[in-house]
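**Q** Sharing upload_22.tsv below, TSV, C-alpha atoms:
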chain	number	residue	atom	x	y	z
K	218	MET	CA	-0.86	49.31	26.74
K	219	GLU	CA	-3.70	46.81	27.06
K	220	ILE	CA	-6.22	46.84	24.23
K	221	GLU	CA	-9.49	44.95	23.85
K	222	VAL	CA	-12.16	45.22	21.18
K	223	LEU	CA	-15.92	45.12	21.69
K	224	ARG	CA	-17.89	44.20	18.58
K	225	ILE	CA	-21.53	45.26	18.66
K	226	GLY	CA	-24.52	45.15	16.35
K	227	GLN	CA	-23.26	42.48	13.96
K	228	ARG	CA	-25.87	40.47	12.13
K	229	LEU	CA	-25.29	36.72	12.02
K	230	VAL	CA	-24.32	35.30	8.63
K	231	ARG	CA	-24.52	38.64	6.78
K	232	ASP	CA	-21.69	40.15	8.84
K	233	ASP	CA	-19.73	36.98	9.60
K	234	ARG	CA	-16.85	37.54	7.22
K	235	VAL	CA	-16.53	41.19	8.15
K	236	THR	CA	-16.58	40.23	11.84
K	237	THR	CA	-13.85	37.66	11.15
K	238	HIS	CA	-11.79	40.40	9.54
K	239	VAL	CA	-12.41	42.69	12.52
K	240	ALA	CA	-11.16	39.93	14.83
K	241	LEU	CA	-8.09	39.27	12.66
K	242	VAL	CA	-7.23	42.98	12.62
K	243	ALA	CA	-7.65	43.19	16.39
K	244	ARG	CA	-5.23	40.28	16.78
K	245	ALA	CA	-2.70	41.42	14.17
K	246	PHE	CA	-2.59	45.00	15.47
K	247	GLY	CA	-2.02	44.21	19.12
K	248	ALA	CA	-5.34	43.76	20.90
K	249	SER	CA	-5.50	40.80	23.27
K	250	LYS	CA	-9.19	39.98	23.00
K	251	ILE	CA	-12.42	40.56	21.12
K	252	LEU	CA	-15.75	40.50	22.96
K	253	MET	CA	-18.98	39.77	21.16
K	254	THR	CA	-22.52	38.70	21.97
K	255	GLU	CA	-23.02	36.05	19.36
K	256	VAL	CA	-20.59	34.26	17.20
K	257	ASN	CA	-20.63	31.89	14.31
K	258	PRO	CA	-18.44	28.95	15.42
K	259	GLU	CA	-16.49	29.41	12.18
K	260	ILE	CA	-15.14	32.72	13.44
K	261	ARG	CA	-13.71	31.12	16.57
K	262	ASP	CA	-12.27	28.28	14.47
K	263	THR	CA	-10.58	30.72	12.12
K	264	ILE	CA	-9.02	32.67	14.98
K	265	SER	CA	-7.95	29.57	16.82
K	266	GLY	CA	-6.33	28.21	13.63
K	267	VAL	CA	-4.51	31.50	13.13
K	268	ASN	CA	-3.25	31.45	16.73
K	269	GLN	CA	-1.96	27.91	16.27
K	270	THR	CA	-0.03	28.72	13.12
K	271	TRP	CA	1.03	32.31	13.74
K	272	GLY	CA	1.27	32.32	17.53
K	273	GLY	CA	-0.05	34.33	20.43
K	274	ASP	CA	-3.19	33.75	22.45
K	275	PHE	CA	-5.67	36.23	21.12
K	276	LYS	CA	-9.07	35.46	22.63
K	277	VAL	CA	-12.66	35.51	21.41
K	278	GLU	CA	-14.94	36.03	24.41
K	279	ILE	CA	-18.69	35.57	24.22
K	280	ILE	CA	-20.62	38.05	26.35
K	281	ASP	CA	-24.27	38.22	27.39
K	282	GLY	CA	-24.74	41.81	26.31
K	283	TRP	CA	-22.64	44.80	25.33
K	284	ARG	CA	-24.06	47.13	28.00
K	285	GLN	CA	-22.87	44.91	30.79
K	286	ALA	CA	-19.50	44.34	29.14
K	287	LEU	CA	-18.98	48.06	28.63
K	288	ALA	CA	-19.83	48.83	32.27
K	289	GLU	CA	-17.49	46.10	33.52
K	290	LYS	CA	-14.59	47.32	31.41
K	291	LYS	CA	-15.11	50.87	32.61
K	292	ARG	CA	-15.02	49.65	36.20
K	293	ASP	CA	-11.77	47.87	35.35
K	294	GLY	CA	-10.25	51.17	34.28
K	295	TYR	CA	-10.58	50.91	30.51
K	296	ALA	CA	-10.98	54.12	28.54
K	297	VAL	CA	-13.59	53.59	25.83
K	298	ALA	CA	-12.95	54.57	22.22
K	299	HIS	CA	-15.95	54.26	19.94
K	300	LEU	CA	-15.13	54.20	16.23
K	301	SER	CA	-17.57	56.19	14.13
K	302	MET	CA	-17.27	58.11	10.88
K	303	TYR	CA	-19.05	60.94	12.73
K	304	GLY	CA	-16.35	61.10	15.39
K	305	GLU	CA	-13.43	63.45	15.98
K	306	LYS	CA	-10.54	63.32	13.57
K	307	ILE	CA	-8.20	60.64	14.82
K	308	GLY	CA	-5.21	62.95	14.46
K	309	ASP	CA	-6.69	65.18	17.16
K	310	VAL	CA	-6.93	62.46	19.82
K	311	GLN	CA	-4.47	59.71	18.91
K	312	GLU	CA	-1.78	60.94	21.26
K	313	ARG	CA	-4.17	61.03	24.20
K	314	MET	CA	-5.55	57.59	23.31
K	315	GLY	CA	-2.06	56.17	22.91
K	316	ALA	CA	-1.23	57.27	26.46
K	317	GLU	CA	-4.11	55.29	28.02
K	318	GLU	CA	-3.11	52.24	30.01
K	319	ARG	CA	-6.18	50.26	29.04
K	320	LEU	CA	-8.31	50.90	25.99
K	321	LEU	CA	-11.56	49.26	24.92
K	322	VAL	CA	-12.29	49.94	21.25
K	323	VAL	CA	-15.97	49.66	20.36
K	324	VAL	CA	-16.63	48.61	16.78
K	325	GLY	CA	-20.22	48.79	15.56
K	326	ALA	CA	-21.80	47.27	12.48
K	327	GLU	CA	-24.86	49.19	11.23
K	328	LYS	CA	-26.62	51.69	13.51
K	329	VAL	CA	-25.06	52.17	16.91
K	330	PRO	CA	-27.28	53.18	19.87
K	331	ARG	CA	-26.90	56.76	21.14
K	332	GLU	CA	-25.90	55.34	24.52
K	333	VAL	CA	-22.59	54.16	23.07
K	334	TYR	CA	-21.70	57.70	21.98
K	335	ASP	CA	-22.52	58.92	25.49
K	336	GLU	CA	-20.60	56.21	27.32
K	337	ALA	CA	-17.46	56.57	25.19
K	338	ASP	CA	-14.47	58.64	26.29
K	339	TYR	CA	-13.59	59.07	22.64
K	340	ASN	CA	-15.88	59.09	19.64
K	341	VAL	CA	-13.27	58.92	16.96
K	342	ALA	CA	-13.16	58.70	13.17
K	343	ALA	CA	-10.50	57.26	10.89
K	344	GLY	CA	-12.19	59.15	8.05
K	345	SER	CA	-15.34	61.25	7.59
K	346	GLN	CA	-16.77	59.20	4.73
K	347	PRO	CA	-18.47	55.81	4.85
K	348	HIS	CA	-15.81	53.11	4.84
K	349	SER	CA	-15.56	49.98	6.97
K	350	GLU	CA	-15.27	48.93	10.59
K	351	VAL	CA	-12.30	46.80	9.51
K	352	SER	CA	-10.38	49.77	8.15
K	353	ALA	CA	-11.37	52.07	11.00
K	354	LEU	CA	-10.05	49.63	13.59
K	355	ALA	CA	-6.79	49.11	11.71
K	356	VAL	CA	-6.07	52.81	11.26
K	357	LEU	CA	-6.81	53.48	14.92
K	358	LEU	CA	-4.57	50.68	16.20
K	359	ASP	CA	-1.82	51.53	13.71
K	360	ARG	CA	-1.83	55.18	14.74
K	361	ILE	CA	-2.05	54.91	18.51
K	362	GLN	CA	0.74	52.33	18.61
K	363	GLN	CA	2.81	53.95	15.88
K	364	GLY	CA	3.21	50.84	13.78
K	365	ALA	CA	4.13	48.54	16.68
K	366	GLN	CA	2.37	45.65	14.88
K	367	PHE	CA	5.69	44.75	13.25
K	368	GLU	CA	7.61	44.58	16.53
K	369	ARG	CA	5.18	42.52	18.57
K	370	GLY	CA	6.09	38.92	19.38
K	371	PHE	CA	3.53	36.15	18.92
K	372	ALA	CA	4.62	33.38	21.26
K	373	GLY	CA	4.58	29.79	20.07
K	374	ALA	CA	4.33	30.62	16.37
K	375	LYS	CA	4.91	27.80	13.91
K	376	ARG	CA	5.44	30.30	11.12
K	377	ARG	CA	6.93	33.77	11.22
K	378	ILE	CA	7.17	36.19	8.31
K	379	VAL	CA	10.45	37.89	7.53
K	380	PRO	CA	9.33	41.05	5.69
K	381	SER	CA	10.55	41.05	2.09
K	382	GLY	CA	10.16	43.34	-0.89
K	383	SER	CA	10.24	40.53	-3.43
K	384	GLY	CA	8.23	37.52	-2.28
K	385	LYS	CA	7.47	35.22	0.63
K	386	ASN	CA	10.10	34.61	3.28
K	387	VAL	CA	8.76	32.52	6.14
K	388	GLU	CA	10.61	30.94	9.06
K	389	GLN	CA	9.12	27.63	10.09
K	390	ASN	CA	8.87	26.23	13.63
K	391	CYS	CA	10.48	29.22	15.16
O	542	MET	CA	-1.14	62.12	-6.33
O	543	GLU	CA	-3.37	59.89	-8.42
O	544	ILE	CA	-4.36	56.60	-6.84
O	545	GLU	CA	-6.27	53.66	-8.29
O	546	VAL	CA	-6.95	50.23	-6.81
O	547	LEU	CA	-6.89	46.90	-8.63
O	548	ARG	CA	-8.85	44.15	-6.89
O	549	ILE	CA	-7.84	40.63	-7.92
O	550	GLY	CA	-8.77	37.08	-6.98
O	551	GLN	CA	-12.11	37.82	-5.32
O	552	ARG	CA	-14.64	35.02	-5.31
O	553	LEU	CA	-18.16	36.00	-6.24
O	554	VAL	CA	-20.70	35.98	-3.40
O	555	ARG	CA	-18.23	34.76	-0.75
O	556	ASP	CA	-16.09	37.89	-1.06
O	557	ASP	CA	-18.78	40.38	-2.08
O	558	ARG	CA	-19.09	42.21	1.21
O	559	VAL	CA	-15.35	42.35	1.70
O	560	THR	CA	-14.94	43.65	-1.87
O	561	THR	CA	-17.58	46.30	-1.14
O	562	HIS	CA	-15.58	47.35	1.92
O	563	VAL	CA	-12.38	47.46	-0.17
O	564	ALA	CA	-14.15	49.76	-2.65
O	565	LEU	CA	-15.52	51.99	0.11
O	566	VAL	CA	-12.08	52.30	1.69
O	567	ALA	CA	-10.54	53.13	-1.70
O	568	ARG	CA	-13.11	55.91	-2.14
O	569	ALA	CA	-12.96	57.25	1.41
O	570	PHE	CA	-9.16	57.33	1.50
O	571	GLY	CA	-8.61	59.17	-1.75
O	572	ALA	CA	-8.40	56.70	-4.64
O	573	SER	CA	-10.34	57.73	-7.75
O	574	LYS	CA	-11.20	54.29	-9.08
O	575	ILE	CA	-11.34	50.56	-8.39
O	576	LEU	CA	-10.75	48.08	-11.20
O	577	MET	CA	-12.09	44.54	-11.01
O	578	THR	CA	-12.81	41.65	-13.32
O	579	GLU	CA	-16.22	40.64	-12.12
O	580	VAL	CA	-18.63	42.42	-9.95
O	581	ASN	CA	-21.87	41.73	-8.21
O	582	PRO	CA	-24.23	44.52	-9.36
O	583	GLU	CA	-24.94	45.21	-5.68
O	584	ILE	CA	-21.39	46.46	-5.23
O	585	ARG	CA	-21.79	49.06	-7.98
O	586	ASP	CA	-25.18	50.05	-6.57
O	587	THR	CA	-23.72	50.55	-3.11
O	588	ILE	CA	-20.88	52.71	-4.42
O	589	SER	CA	-23.14	54.71	-6.67
O	590	GLY	CA	-25.52	55.34	-3.76
O	591	VAL	CA	-22.63	56.46	-1.58
O	592	ASN	CA	-21.41	58.84	-4.32
O	593	GLN	CA	-24.88	60.34	-4.61
O	594	THR	CA	-25.22	61.00	-0.90
O	595	TRP	CA	-21.64	61.74	0.12
O	596	GLY	CA	-20.30	63.21	-3.12
O	597	GLY	CA	-17.39	62.70	-5.45
O	598	ASP	CA	-17.24	60.51	-8.52
O	599	PHE	CA	-15.38	57.41	-7.42
O	600	LYS	CA	-15.57	54.85	-10.21
O	601	VAL	CA	-15.96	51.07	-10.40
O	602	GLU	CA	-14.43	49.87	-13.67
O	603	ILE	CA	-14.92	46.35	-14.98
O	604	ILE	CA	-11.85	44.95	-16.70
O	605	ASP	CA	-11.33	41.86	-18.86
O	606	GLY	CA	-8.36	40.59	-16.89
O	607	TRP	CA	-5.91	41.85	-14.30
O	608	ARG	CA	-2.78	41.11	-16.38
O	609	GLN	CA	-3.86	43.43	-19.12
O	610	ALA	CA	-4.98	46.11	-16.67
O	611	LEU	CA	-1.67	45.94	-14.82
O	612	ALA	CA	0.32	46.25	-18.05
O	613	GLU	CA	-1.77	49.21	-19.20
O	614	LYS	CA	-1.38	51.06	-15.93
O	615	LYS	CA	2.37	50.52	-15.98
O	616	ARG	CA	2.49	51.95	-19.50
O	617	ASP	CA	0.54	54.95	-18.19
O	618	GLY	CA	3.25	55.59	-15.62
O	619	TYR	CA	1.67	54.07	-12.54
O	620	ALA	CA	3.96	52.63	-9.90
O	621	VAL	CA	2.51	49.37	-8.63
O	622	ALA	CA	2.16	48.65	-4.91
O	623	HIS	CA	1.04	45.12	-4.08
O	624	LEU	CA	-0.33	44.67	-0.57
O	625	SER	CA	0.79	41.44	1.07
O	626	MET	CA	1.45	40.41	4.65
O	627	TYR	CA	4.74	39.00	3.33
O	628	GLY	CA	5.85	42.38	2.01
O	629	GLU	CA	8.26	45.00	3.30
O	630	LYS	CA	7.28	46.94	6.40
O	631	ILE	CA	5.23	49.87	5.24
O	632	GLY	CA	7.26	52.25	7.39
O	633	ASP	CA	10.30	51.48	5.24
O	634	VAL	CA	8.70	52.47	1.92
O	635	GLN	CA	5.81	54.82	2.69
O	636	GLU	CA	7.79	57.97	1.98
O	637	ARG	CA	8.91	56.70	-1.40
O	638	MET	CA	5.40	55.55	-2.25
O	639	GLY	CA	3.94	58.85	-1.12
O	640	ALA	CA	6.21	60.67	-3.58
O	641	GLU	CA	4.91	58.74	-6.62
O	642	GLU	CA	2.74	60.73	-8.99
O	643	ARG	CA	0.56	57.78	-9.90
O	644	LEU	CA	0.07	54.71	-7.79
O	645	LEU	CA	-1.85	51.52	-8.54
O	646	VAL	CA	-2.52	49.55	-5.38
O	647	VAL	CA	-3.10	45.84	-5.98
O	648	VAL	CA	-5.36	44.18	-3.42
O	649	GLY	CA	-5.62	40.39	-3.58
O	650	ALA	CA	-8.14	38.09	-1.94
O	651	GLU	CA	-6.79	34.57	-1.30
O	652	LYS	CA	-3.64	33.37	-3.08
O	653	VAL	CA	-1.98	35.88	-5.35
O	654	PRO	CA	-0.01	34.64	-8.38
O	655	ARG	CA	3.78	34.96	-8.17
O	656	GLU	CA	3.66	37.19	-11.24
O	657	VAL	CA	2.05	39.96	-9.20
O	658	TYR	CA	4.98	39.99	-6.77
O	659	ASP	CA	7.36	40.22	-9.72
O	660	GLU	CA	5.48	42.97	-11.54
O	661	ALA	CA	5.08	45.15	-8.45
O	662	ASP	CA	7.40	48.05	-7.68
O	663	TYR	CA	6.50	47.62	-4.02
O	664	ASN	CA	5.46	44.48	-2.20
O	665	VAL	CA	4.36	46.06	1.01
O	666	ALA	CA	2.82	44.92	4.31
O	667	ALA	CA	0.66	46.85	6.76
O	668	GLY	CA	1.43	44.10	9.27
O	669	SER	CA	3.22	40.73	9.25
O	670	GLN	CA	0.29	38.72	10.57
O	671	PRO	CA	-2.85	37.59	8.74
O	672	HIS	CA	-5.36	40.40	8.81
O	673	SER	CA	-7.54	41.75	5.99
O	674	GLU	CA	-7.24	43.36	2.58
O	675	VAL	CA	-9.61	46.05	3.86
O	676	SER	CA	-7.30	47.01	6.73
O	677	ALA	CA	-4.14	46.73	4.63
O	678	LEU	CA	-5.51	49.14	2.02
O	679	ALA	CA	-6.66	51.64	4.65
O	680	VAL	CA	-3.37	51.69	6.52
O	681	LEU	CA	-1.43	52.12	3.27
O	682	LEU	CA	-3.60	54.99	2.03
O	683	ASP	CA	-3.68	56.63	5.46
O	684	ARG	CA	0.10	56.51	5.77
O	685	ILE	CA	1.19	57.58	2.31
O	686	GLN	CA	-1.19	60.56	2.35
O	687	GLN	CA	-0.64	61.36	6.02
O	688	GLY	CA	-4.28	61.44	6.97
O	689	ALA	CA	-5.42	63.56	4.00
O	690	GLN	CA	-8.74	61.68	3.99
O	691	PHE	CA	-10.17	64.35	6.29
O	692	GLU	CA	-9.16	67.25	4.06
O	693	ARG	CA	-10.37	65.92	0.73
O	694	GLY	CA	-13.46	67.50	-0.84
O	695	PHE	CA	-16.21	65.29	-2.27
O	696	ALA	CA	-17.97	67.45	-4.85
O	697	GLY	CA	-21.75	67.48	-5.00
O	698	ALA	CA	-22.28	65.91	-1.58
O	699	LYS	CA	-25.79	65.99	-0.16
O	700	ARG	CA	-24.43	65.27	3.29
O	701	ARG	CA	-21.17	66.25	4.88
O	702	ILE	CA	-19.92	65.20	8.31
O	703	VAL	CA	-18.58	67.79	10.72
O	704	PRO	CA	-16.29	65.73	12.98
O	705	SER	CA	-17.56	65.70	16.56
O	706	GLY	CA	-16.47	64.06	19.79
O	707	SER	CA	-19.99	63.64	21.10
O	708	GLY	CA	-22.39	62.54	18.40
O	709	LYS	CA	-23.54	63.07	14.83
O	710	ASN	CA	-23.18	66.49	13.24
O	711	VAL	CA	-24.13	66.43	9.57
O	712	GLU	CA	-24.55	69.33	7.15
O	713	GLN	CA	-27.30	68.69	4.61
O	714	ASN	CA	-27.34	69.80	0.98
O	715	CYS	CA	-24.01	71.42	1.17
Would you mind writing the structure in this file as structure tokens?
**A**
Amino acid sequence: MEIEVLRIGQRLVRDDRVTTHVALVARAFGASKILMTEVNPEIRDTISGVNQTWGGDFKVEIIDGWRQALAEKKRDGYAVAHLSMYGEKIGDVQERMGAEERLLVVVGAEKVPREVYDEADYNVAAGSQPHSEVSALAVLLDRIQQGAQFERGFAGAKRRIVPSGSGKNVEQNC
Amino acid sequence: MEIEVLRIGQRLVRDDRVTTHVALVARAFGASKILMTEVNPEIRDTISGVNQTWGGDFKVEIIDGWRQALAEKKRDGYAVAHLSMYGEKIGDVQERMGAEERLLVVVGAEKVPREVYDEADYNVAAGSQPHSEVSALAVLLDRIQQGAQFERGFAGAKRRIVPSGSGKNVEQNC
């Protein structure tokens, strides 16, 4: 399954750290790329540093506008899942989403234009209370891949965690 | 099951928005309280505003220090789950955690003192790659309660979402 994330509506500076967390979650939970219109160079630096240490080639792609990006991805056969606390309960659609070959997950910041709801194949909620785009993305990716984040390889990693109940166990230069 | 969250190591200003998201996730996914040592008044205002609109009585409690809070909670019979990307795979312990009567989830920011690893009953990871304390908390709470966030009542809500695949459906003054 190929997963990409489209970040929309983020406000520069104010949302930078949250956007960084969205990007880190996308990477850690199996997406291959995050698309966004504007980006603080720090966000790219953080992700590129994480790739160098922890492996993989997760990409940050700068786009001209989300409308165009959404249309392109749909033409390329991506199903579109828009995360919203107003959406359907994730439990009701996760199986169908997990069976898609290509999925574009749209993650908004504040208000999301009506058009996004209309364009999406899934308007889906990780919870029906205000929470966070970071948590919503993680719960969605965790559920549709059934915890595959632990099994995924990150090629070229300098450090790799060996899960441990008592402390830090890290393999170097693996 | 009674769940509380202990936030440690957050840096004022720099981590404020992330800490707000941690608190919102705690509330939305069924914890009753978040404990922290320092707090930007904005965080309390945000949570209190969310309670007023969306219901429930999620609490932000200011503590003198995390060591003392941790010791007290242990005396009160809380099992301690420390979220860390170095921890055990969540799939290996979620059933055991879900069976606890009282659970204190410790959510760190940057470096977490060794002592926390030692004091915890569970050192548990939502993924073995760098991601976010917001996502880690959400995945943990989602898994150990098996999606109960959609079934929970929030008393006194002025607004309540009716999950919908196509847009926003909100009941007012319910």
**Q** Residues of chain O no more than 6 Å from chain K, counting all atoms listed in the file: send them over as JSON, numbers by chain.
**A** {"O": [562, 565, 566, 569, 627, 628, 629, 664, 668, 670, 672, 673, 675, 676, 679, 680, 690, 691, 704, 705, 706, 709]}
**Q** Quick one: everything within 12 Å of segment 285-292 of chain K, counting only C-alpha atoms, minus sequence neighbours fewer than 6 positions away in the same chain. Send it as a list of chain:residue names.
**A**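 These residues fall inside the cut-off: K:Glu219, K:Ile220, K:Glu221, K:Val222, K:Leu223, K:Arg224, K:Ile225, K:Ile251, K:Leu252, K:Met253, K:Thr254, K:Glu278, K:Ile279, K:Ala298, K:His299, K:Arg319, K:Leu320, K:Leu321, K:Val322, K:Val323, K:Glu332, K:Val333, K:Asp335, K:Glu336, K:Ala337, K:Asp338.
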**Q** Atom CA of Asn581 of chain O to atom CA of Leu553 of chain O: how many Å, to one decimal?
**A**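 Separation between atom CA of Asn581 of chain O and atom CA of Leu553 of chain O: 7.1 Å.
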**Q** Closest to Lys600 of chain O among O:Gln551, O:Thr587, O:Gln635, O:Asn714, using only C-alpha atoms?
**A**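 Of O:Gln551, O:Thr587, O:Gln635, O:Asn714, the one nearest Lys600 of chain O is O:Thr587, counting only C-alpha atoms.
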**Q** Which one of O:Thr560, O:Ser589, O:Arg608, O:Val554 sits closest to Ala650 of chain O if you count all atoms listed in the file?
**A**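 Nearest to Ala650 of chain O: O:Thr560.
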**Q** What is the atom CA of Ala620 of chain O-atom CA of Ile588 of chain O distance in Å, reported with one decimal?
**A**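 Answer for the atom CA of Ala620 of chain O to atom CA of Ile588 of chain O separation: 25.4 Å.
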**Q** Could you check how far atom CA of Asn268 of chain K sits from atom CA of Ala374 of chain K, in Å to one decimal?
**A**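 The value is 7.6 Å.
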